[in-house]
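> Before I ask anything, here is the structure I am working with.
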Amino acid sequence: MSDLSKFNRFTSDLKEDGYLMPVLFVGHGSPMNGIEDNEFSDHWKQLAREIPRPAAVLVISAHWLSNGTKVTAMDFPPTIHDFGGFPQALFDVQYPAPGSIQVANETISLLHSVHAEPDHDWGLDHGAWTVVRHMYPEANVPVLQLSIDYSKGPQHHYDLAKDLYSLRKKGVLILGSGNMVHNLRMVAWDRLNEPEYGFDWAYELNNKFKQLIADGNHQALINFNTISPDISKAIPTSEHYLPLLYNLGLQGRNEEVSFFNDKAVGGSLTMTSVRIG
C-alpha cells in the first residue's frame, strides 16, 4: 500500500482518541529559518519530539490571504516559494508532505459560521513549510492550510477558530504561523545579526502581548488596536498577528500556556511563540 493510501485510510474517519493535541502559534521570521539550524528551528524540532505525532497538521499562515475561507484539498500540496532576494538554496527546497482531502473535508464541515471551500491551487507557503519541515523532516505527516479571509475583522477569526476545537481531539495539530511584532519597514538591517536586538517599543508591546495571553485576556488581544499608542509600529498590517487569534480561540478552559523562542530580531520583529496545552 502506498504511503498516501495509508495516510488517507488513517485520516478518512478521524476518531477522538482521549488526548487533546496542543495548539501552537509560531513566530516564523525569515524564510532562511527554513534551511538554517539555529535556536529557533532547534526548538521546532524539540516540539515535535515532545508532542504525539499528529494525524495531520493544519496551518493558518500569515501568507495565505483570501476572499472567503479556503482549505487546501489536494493529495500533494506544492511547495510555494513566496519570497524574493534569498539564496538559491532556499528556492531549491521542496517539502513533499502529503495533504489529506479527508481532513480538508472534515475541517470545512466544522466551519459552521462561514461557507468554506476546498482549494486546489495554493499549496504550502513559507509560513508553513519553513517550520513544519524542521518538525517532520521526513515529510510523512499530512499538512494542510486554512486561509485567512482578510476582509474580516479580528473577532471573526477568533470566533471561527472555535469551530475547529474538535480537531484537537482527533490528533490534528493546529499551528498558527506569523509574528506578534512584525514591521519589515523598520528593521535595523545593520543589526540583524545582533542577538536579541529589539527596539524599546517592540519589547514593550511583546511583553504586553505575553501578559495578556498569560492572563487569558483574549478580548484585549482581539481589540489589539487599543492596547497602546505604539501598536501600529508592532502591527502595521494584521496578517502576521491574526494567526495568534486562531490559536487563542482554540484554548480550552484552564489550559496551560507557555512561551518559547521569546526573542527579538532586527529591532522590529519578535519570534515569540506560544504553546497551548
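Chain labels run A, B, ... following the order of the C-alpha cells; each chain numbers its residues from 1, and ligands are numbered from 1 in the order shown.
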Hey, could you make a per-residue contact list for stretch 130-213 of chain A against stretch 42-63 of chain A with 7 Å as the cut-off, showing the nearest pair of atoms and its distance in Å to one decimal, counting only C-alpha atoms, sorted by chain and number, as CSV?


residue,atom,partner,partner_atom,distance
A:Val131,CA,A:Trp44,CA,6.9
A:His134,CA,A:Lys45,CA,5.6
A:Met135,CA,A:Lys45,CA,4.6
A:Val141,CA,A:Ala56,CA,5.8
A:Pro142,CA,A:Ala56,CA,4.8
A:Val143,CA,A:Val57,CA,4.8
A:Leu144,CA,A:Leu58,CA,4.9
A:Gln145,CA,A:Val59,CA,4.7
A:Leu146,CA,A:Ile60,CA,5.2
A:Ser147,CA,A:Ile60,CA,6.3
A:Gly171,CA,A:Pro54,CA,5.1
A:Val172,CA,A:Ala56,CA,5.0
A:Leu173,CA,A:Val57,CA,4.7
A:Ile174,CA,A:Leu58,CA,4.8
A:Leu175,CA,A:Val59,CA,4.8
A:Gly176,CA,A:Ile60,CA,4.7
A:Ser177,CA,A:Ser61,CA,4.8
A:Gly178,CA,A:Ala62,CA,5.3

> Write out as number ranges by chain which residues come within 12 Å of A:Ala220 when counting only C-alpha atoms, dropping same-chain ones fewer than 6 positions away.

A: 154-155, 208-213, 226-228, 245, 248

> Quick one: everything within 10 Å of A:Tyr197, counting only C-alpha atoms, minus sequence neighbours fewer than 6 positions away in the same chain. Send it as a list in words.

Ala188, Arg191, Tyr203, Lys263, Ala264, Val265, Gly266, Gly267, Ser268, Leu269 and Thr270 of chain A

> Using N, CA and C atoms, can you export the residues from the last selection as an mmCIF file, in the first residue's frame?


data_model
loop_
_atom_site.group_PDB
_atom_site.id
_atom_site.type_symbol
_atom_site.label_atom_id
_atom_site.label_comp_id
_atom_site.auth_asym_id
_atom_site.auth_seq_id
_atom_site.Cartn_x
_atom_site.Cartn_y
_atom_site.Cartn_z
ATOM 1 N N ALA A 188 16.154 47.041 11.524
ATOM 2 C CA ALA A 188 17.528 47.563 11.553
ATOM 3 C C ALA A 188 18.424 46.520 10.886
ATOM 4 N N ARG A 191 21.784 45.569 12.131
ATOM 5 C CA ARG A 191 21.910 44.920 13.441
ATOM 6 C C ARG A 191 21.167 43.585 13.459
ATOM 7 N N TYR A 203 9.899 45.521 22.432
ATOM 8 C CA TYR A 203 9.922 44.719 23.660
ATOM 9 C C TYR A 203 8.726 45.036 24.554
ATOM 10 N N LYS A 263 12.337 35.977 21.583
ATOM 11 C CA LYS A 263 13.443 36.879 21.304
ATOM 12 C C LYS A 263 13.072 37.844 20.185
ATOM 13 N N ALA A 264 13.733 39.000 20.204
ATOM 14 C CA ALA A 264 13.572 39.979 19.133
ATOM 15 C C ALA A 264 14.662 39.771 18.088
ATOM 16 N N VAL A 265 14.356 40.180 16.861
ATOM 17 C CA VAL A 265 15.305 40.084 15.749
ATOM 18 C C VAL A 265 15.235 41.390 14.959
ATOM 19 N N GLY A 266 16.393 41.996 14.703
ATOM 20 C CA GLY A 266 16.440 43.164 13.828
ATOM 21 C C GLY A 266 15.675 44.375 14.322
ATOM 22 N N GLY A 267 15.432 44.442 15.606
ATOM 23 C CA GLY A 267 14.778 45.621 16.173
ATOM 24 C C GLY A 267 13.275 45.563 16.169
ATOM 25 N N SER A 268 12.659 45.236 15.024
ATOM 26 C CA SER A 268 11.210 45.390 14.894
ATOM 27 C C SER A 268 10.458 44.088 14.612
ATOM 28 N N LEU A 269 11.097 42.955 14.914
ATOM 29 C CA LEU A 269 10.446 41.650 14.786
ATOM 30 C C LEU A 269 10.624 40.886 16.088
ATOM 31 N N THR A 270 9.624 40.116 16.474
ATOM 32 C CA THR A 270 9.815 39.190 17.590
ATOM 33 C C THR A 270 9.420 37.794 17.148
#

> Give me, please, the distance in Å between atom CA of A:His157 and atom CA of A:Tyr246, quoted to one decimal.

6.1 Å

> Please identify all polymer residues within 7 Å of stretch 104-108 of chain A, counting only C-alpha atoms, omitting same-chain residues fewer than 6 positions from it, and present them as a PyMOL selection string.

chain A and resi 71-73+116-117+164

> Among the residues of stretch 61-199 of chain A, find those DSSP assigns to helix (DSSP H, G or I) from the backbone and print them as a PyMOL selection string.

chain A and resi 88-91+101-110+126-135+154-162+165-168+184-186+189-191

> Determine, counting only C-alpha atoms, which protein, DNA and RNA residues have an atom within 10 Å of an atom of A:Leu250; residues of the same chain fewer than 4 positions away are not included. Present the result as an MDAnalysis selection string.

chainID A and resid 22:24 158:168 174 245:246 276

> Could you turn the residues from that selection into a file that holds all heavy atoms, as a compact mmCIF listing (two decimals), in the first residue's frame?


# COMPACT_ATOMS: atom_id res chain seq x y z
N PRO A 22 -1.96 19.73 21.59
CA PRO A 22 -1.63 21.13 21.86
C PRO A 22 -1.89 22.00 20.62
O PRO A 22 -2.07 21.50 19.51
CB PRO A 22 -0.12 21.08 22.17
CG PRO A 22 0.15 19.68 22.57
CD PRO A 22 -0.81 18.84 21.77
N VAL A 23 -1.92 23.29 20.85
CA VAL A 23 -2.06 24.28 19.78
C VAL A 23 -0.80 25.15 19.82
O VAL A 23 -0.33 25.51 20.90
CB VAL A 23 -3.31 25.16 19.99
CG1 VAL A 23 -3.44 26.18 18.87
CG2 VAL A 23 -4.56 24.32 20.07
N LEU A 24 -0.28 25.49 18.65
CA LEU A 24 0.95 26.27 18.58
C LEU A 24 0.74 27.55 17.78
O LEU A 24 0.10 27.53 16.72
CB LEU A 24 2.07 25.48 17.91
CG LEU A 24 2.45 24.13 18.52
CD1 LEU A 24 3.53 23.46 17.66
CD2 LEU A 24 2.92 24.28 19.96
N TYR A 158 -11.10 34.96 15.57
CA TYR A 158 -11.11 34.33 16.89
C TYR A 158 -12.30 33.38 17.02
O TYR A 158 -12.16 32.24 17.48
CB TYR A 158 -11.16 35.42 17.96
CG TYR A 158 -11.22 34.91 19.39
CD1 TYR A 158 -10.07 34.53 20.06
CD2 TYR A 158 -12.45 34.82 20.06
CE1 TYR A 158 -10.13 34.09 21.38
CE2 TYR A 158 -12.51 34.38 21.36
CZ TYR A 158 -11.35 34.01 22.02
OH TYR A 158 -11.42 33.55 23.32
N ASP A 159 -13.47 33.85 16.61
CA ASP A 159 -14.67 33.03 16.72
C ASP A 159 -14.63 31.83 15.77
O ASP A 159 -15.08 30.73 16.12
CB ASP A 159 -15.93 33.87 16.42
CG ASP A 159 -16.20 34.93 17.47
OD1 ASP A 159 -15.68 34.79 18.60
OD2 ASP A 159 -16.91 35.90 17.16
N LEU A 160 -14.11 32.04 14.58
CA LEU A 160 -14.02 30.95 13.61
C LEU A 160 -13.19 29.79 14.14
O LEU A 160 -13.52 28.61 13.91
CB LEU A 160 -13.41 31.48 12.30
CG LEU A 160 -13.39 30.54 11.10
CD1 LEU A 160 -14.80 30.23 10.63
CD2 LEU A 160 -12.57 31.14 9.97
N ALA A 161 -12.13 30.12 14.84
CA ALA A 161 -11.25 29.07 15.37
C ALA A 161 -12.00 28.12 16.30
O ALA A 161 -11.70 26.91 16.34
CB ALA A 161 -10.09 29.72 16.11
N LYS A 162 -12.97 28.61 17.02
CA LYS A 162 -13.69 27.77 17.98
C LYS A 162 -14.39 26.60 17.28
O LYS A 162 -14.58 25.54 17.87
CB LYS A 162 -14.69 28.61 18.77
CG LYS A 162 -14.00 29.64 19.68
CD LYS A 162 -15.02 30.42 20.48
CE LYS A 162 -14.32 31.41 21.41
NZ LYS A 162 -13.46 30.74 22.42
N ASP A 163 -14.77 26.79 16.02
CA ASP A 163 -15.41 25.71 15.27
C ASP A 163 -14.47 24.52 15.08
O ASP A 163 -14.93 23.40 14.82
CB ASP A 163 -15.86 26.21 13.89
CG ASP A 163 -17.04 27.16 13.95
OD1 ASP A 163 -17.72 27.21 14.99
OD2 ASP A 163 -17.29 27.85 12.94
N LEU A 164 -13.17 24.76 15.18
CA LEU A 164 -12.19 23.72 14.87
C LEU A 164 -11.73 22.94 16.10
O LEU A 164 -10.88 22.05 15.99
CB LEU A 164 -10.96 24.37 14.21
CG LEU A 164 -11.23 25.14 12.91
CD1 LEU A 164 -9.96 25.84 12.46
CD2 LEU A 164 -11.76 24.21 11.83
N TYR A 165 -12.30 23.25 17.25
CA TYR A 165 -11.80 22.67 18.51
C TYR A 165 -11.78 21.15 18.48
O TYR A 165 -10.84 20.52 18.98
CB TYR A 165 -12.65 23.17 19.68
CG TYR A 165 -12.14 22.75 21.03
CD1 TYR A 165 -11.16 23.50 21.68
CD2 TYR A 165 -12.62 21.61 21.67
CE1 TYR A 165 -10.68 23.13 22.93
CE2 TYR A 165 -12.15 21.24 22.92
CZ TYR A 165 -11.17 22.00 23.54
OH TYR A 165 -10.70 21.62 24.77
N SER A 166 -12.80 20.53 17.88
CA SER A 166 -12.88 19.06 17.90
C SER A 166 -11.72 18.42 17.15
O SER A 166 -11.39 17.25 17.39
CB SER A 166 -14.22 18.58 17.35
OG SER A 166 -14.35 18.91 15.98
N LEU A 167 -11.08 19.14 16.23
CA LEU A 167 -9.93 18.56 15.53
C LEU A 167 -8.79 18.25 16.50
O LEU A 167 -8.02 17.31 16.29
CB LEU A 167 -9.43 19.52 14.45
CG LEU A 167 -10.31 19.71 13.21
CD1 LEU A 167 -9.68 20.74 12.28
CD2 LEU A 167 -10.54 18.39 12.48
N ARG A 168 -8.69 19.03 17.56
CA ARG A 168 -7.65 18.77 18.56
C ARG A 168 -7.85 17.42 19.23
O ARG A 168 -6.88 16.77 19.64
CB ARG A 168 -7.66 19.88 19.63
CG ARG A 168 -7.34 21.26 19.13
CD ARG A 168 -7.30 22.26 20.27
NE ARG A 168 -6.27 21.90 21.25
CZ ARG A 168 -6.17 22.44 22.46
NH1 ARG A 168 -7.05 23.36 22.86
NH2 ARG A 168 -5.21 22.07 23.28
N ILE A 174 -2.94 22.04 15.21
CA ILE A 174 -3.29 23.32 14.58
C ILE A 174 -2.20 24.33 14.93
O ILE A 174 -1.89 24.56 16.09
CB ILE A 174 -4.68 23.80 15.04
CG1 ILE A 174 -5.74 22.74 14.70
CG2 ILE A 174 -5.03 25.13 14.36
CD1 ILE A 174 -7.13 23.06 15.19
N LEU A 245 -4.70 34.86 16.96
CA LEU A 245 -6.08 34.85 17.42
C LEU A 245 -6.75 33.50 17.18
O LEU A 245 -7.61 33.07 17.95
CB LEU A 245 -6.87 35.97 16.75
CG LEU A 245 -6.40 37.40 17.06
CD1 LEU A 245 -7.34 38.42 16.43
CD2 LEU A 245 -6.29 37.64 18.57
N TYR A 246 -6.36 32.82 16.11
CA TYR A 246 -6.89 31.46 15.88
C TYR A 246 -6.46 30.54 17.02
O TYR A 246 -7.25 29.74 17.54
CB TYR A 246 -6.39 30.91 14.55
CG TYR A 246 -7.17 31.41 13.36
CD1 TYR A 246 -6.88 32.64 12.77
CD2 TYR A 246 -8.21 30.66 12.83
CE1 TYR A 246 -7.59 33.11 11.69
CE2 TYR A 246 -8.93 31.13 11.73
CZ TYR A 246 -8.62 32.35 11.17
OH TYR A 246 -9.35 32.81 10.09
N ILE A 276 -0.16 26.17 23.67
CA ILE A 276 -1.35 25.99 24.50
C ILE A 276 -1.57 24.50 24.67
O ILE A 276 -1.68 23.76 23.69
CB ILE A 276 -2.57 26.66 23.85
CG1 ILE A 276 -2.38 28.17 23.78
CG2 ILE A 276 -3.84 26.31 24.63
CD1 ILE A 276 -3.46 28.89 22.98

> Choose the residue, out of A:Asp125, A:Ser41, A:Val181, A:Gly249, that has the smallest atom-to-atom separation from A:Gln219; count only C-alpha atoms.

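The answer is A:Gly249, which sits nearest to A:Gln219.
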
> As a list of chain:residue names, please: the residues near A:Ser238 (cut-off 9 Å, only C-alpha atoms, same-chain neighbours under 2 positions excluded).

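Using only C-alpha atoms, the neighbours found are A:Ala62, A:Tyr150, A:Pro154, A:Ile235, A:Pro236, A:His240, A:Tyr241, A:Leu242.
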
> Work out how far apart atom CA of A:Ile148 and atom CA of A:Ile231 are and give it in Å to one decimal.

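That distance, rounded to one decimal, is 21.0 Å.
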
> To one decimal in Å, tell me the separation between atom CA of A:Asn33 and atom CA of A:Pro87.

12.3 Å

> Can you list, as a ChimeraX atom specification, every residue of stretch 58-196 of chain A that DSSP puts in strand (DSSP E)?

/A:58-61,65-66,69-72,116-119,143-145,148-149,172-178

> I need the residues from that last selection saved to file as an mmCIF file, in the first residue's frame (with C-alpha atoms), if you can.


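Saved file again-v1.cif follows:
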data_model
loop_
_atom_site.group_PDB
_atom_site.id
_atom_site.type_symbol
_atom_site.label_atom_id
_atom_site.label_comp_id
_atom_site.auth_asym_id
_atom_site.auth_seq_id
_atom_site.Cartn_x
_atom_site.Cartn_y
_atom_site.Cartn_z
ATOM 1 C CA LEU A 58 -3.399 22.351 9.871
ATOM 2 C CA VAL A 59 -1.518 25.621 9.380
ATOM 3 C CA ILE A 60 -3.017 29.107 9.495
ATOM 4 C CA SER A 61 -0.280 31.131 7.807
ATOM 5 C CA LEU A 65 -4.860 35.717 2.497
ATOM 6 C CA SER A 66 -8.052 35.119 0.561
ATOM 7 C CA THR A 69 -12.286 30.937 3.724
ATOM 8 C CA LYS A 70 -10.467 28.105 1.966
ATOM 9 C CA VAL A 71 -8.757 24.852 2.896
ATOM 10 C CA THR A 72 -6.100 23.170 0.769
ATOM 11 C CA ALA A 116 -15.619 27.446 3.415
ATOM 12 C CA GLU A 117 -14.398 25.942 0.165
ATOM 13 C CA PRO A 118 -11.764 23.371 -0.806
ATOM 14 C CA ASP A 119 -8.806 24.885 -2.640
ATOM 15 C CA VAL A 143 -0.074 19.120 6.028
ATOM 16 C CA LEU A 144 -2.958 21.410 5.108
ATOM 17 C CA GLN A 145 -3.537 25.151 5.215
ATOM 18 C CA ILE A 148 -7.233 33.958 6.327
ATOM 19 C CA ASP A 149 -10.190 35.932 4.973
ATOM 20 C CA VAL A 172 -4.753 17.317 14.394
ATOM 21 C CA LEU A 173 -2.029 19.798 15.290
ATOM 22 C CA ILE A 174 -3.294 23.320 14.583
ATOM 23 C CA LEU A 175 -0.418 25.719 14.021
ATOM 24 C CA GLY A 176 -0.708 29.473 13.596
ATOM 25 C CA SER A 177 2.301 30.946 11.820
ATOM 26 C CA GLY A 178 3.097 34.650 11.888
#

> With distances taken over only C-alpha atoms, which residue among A:Val132, A:Met180, A:Ala214, A:Leu192 lies nearest A:Leu244?

A:Met180

> Might you pull out every residue within 6 Å of A:Met271, with only C-alpha atoms counted and same-chain residues fewer than 5 positions away left off, and present them as JSON, numbers by chain?

{"A": [27, 261, 262, 263]}

> Please produce a file of those selected residues containing N, CA, C and O atoms, as a PDB file, in the first residue's frame.


ATOM      1  N   GLY A  27       6.250  32.036  15.775  1.00  0.00           N
ATOM      2  CA  GLY A  27       6.859  33.153  15.075  1.00  0.00           C
ATOM      3  C   GLY A  27       7.812  32.587  14.038  1.00  0.00           C
ATOM      4  O   GLY A  27       8.842  32.012  14.402  1.00  0.00           O
ATOM      5  N   ASN A 261      11.029  30.545  22.081  1.00  0.00           N
ATOM      6  CA  ASN A 261      11.665  31.407  21.069  1.00  0.00           C
ATOM      7  C   ASN A 261      11.344  32.885  21.324  1.00  0.00           C
ATOM      8  O   ASN A 261      11.110  33.658  20.390  1.00  0.00           O
ATOM      9  N   ASP A 262      11.388  33.255  22.580  1.00  0.00           N
ATOM     10  CA  ASP A 262      10.948  34.591  23.007  1.00  0.00           C
ATOM     11  C   ASP A 262      12.078  35.600  22.833  1.00  0.00           C
ATOM     12  O   ASP A 262      12.699  36.028  23.818  1.00  0.00           O
ATOM     13  N   LYS A 263      12.337  35.977  21.583  1.00  0.00           N
ATOM     14  CA  LYS A 263      13.443  36.879  21.304  1.00  0.00           C
ATOM     15  C   LYS A 263      13.072  37.844  20.185  1.00  0.00           C
ATOM     16  O   LYS A 263      12.242  37.546  19.333  1.00  0.00           O
TER      17      LYS A 263
END

> Would you please work out which residue, of A:Ala202, A:Ala234, A:Ile35, A:Val274, is nearest to A:Gln251 when using only C-alpha atoms?

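Closest residue, counting only C-alpha atoms: A:Val274.
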
> Given only C-alpha atoms as the basis, pick out the residue of A:Asn183, A:Thr272, A:Asn254, A:Ser100 nearest to A:Ser232.

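Ranking A:Asn183, A:Thr272, A:Asn254, A:Ser100 by distance to A:Ser232, first place goes to A:Asn183.
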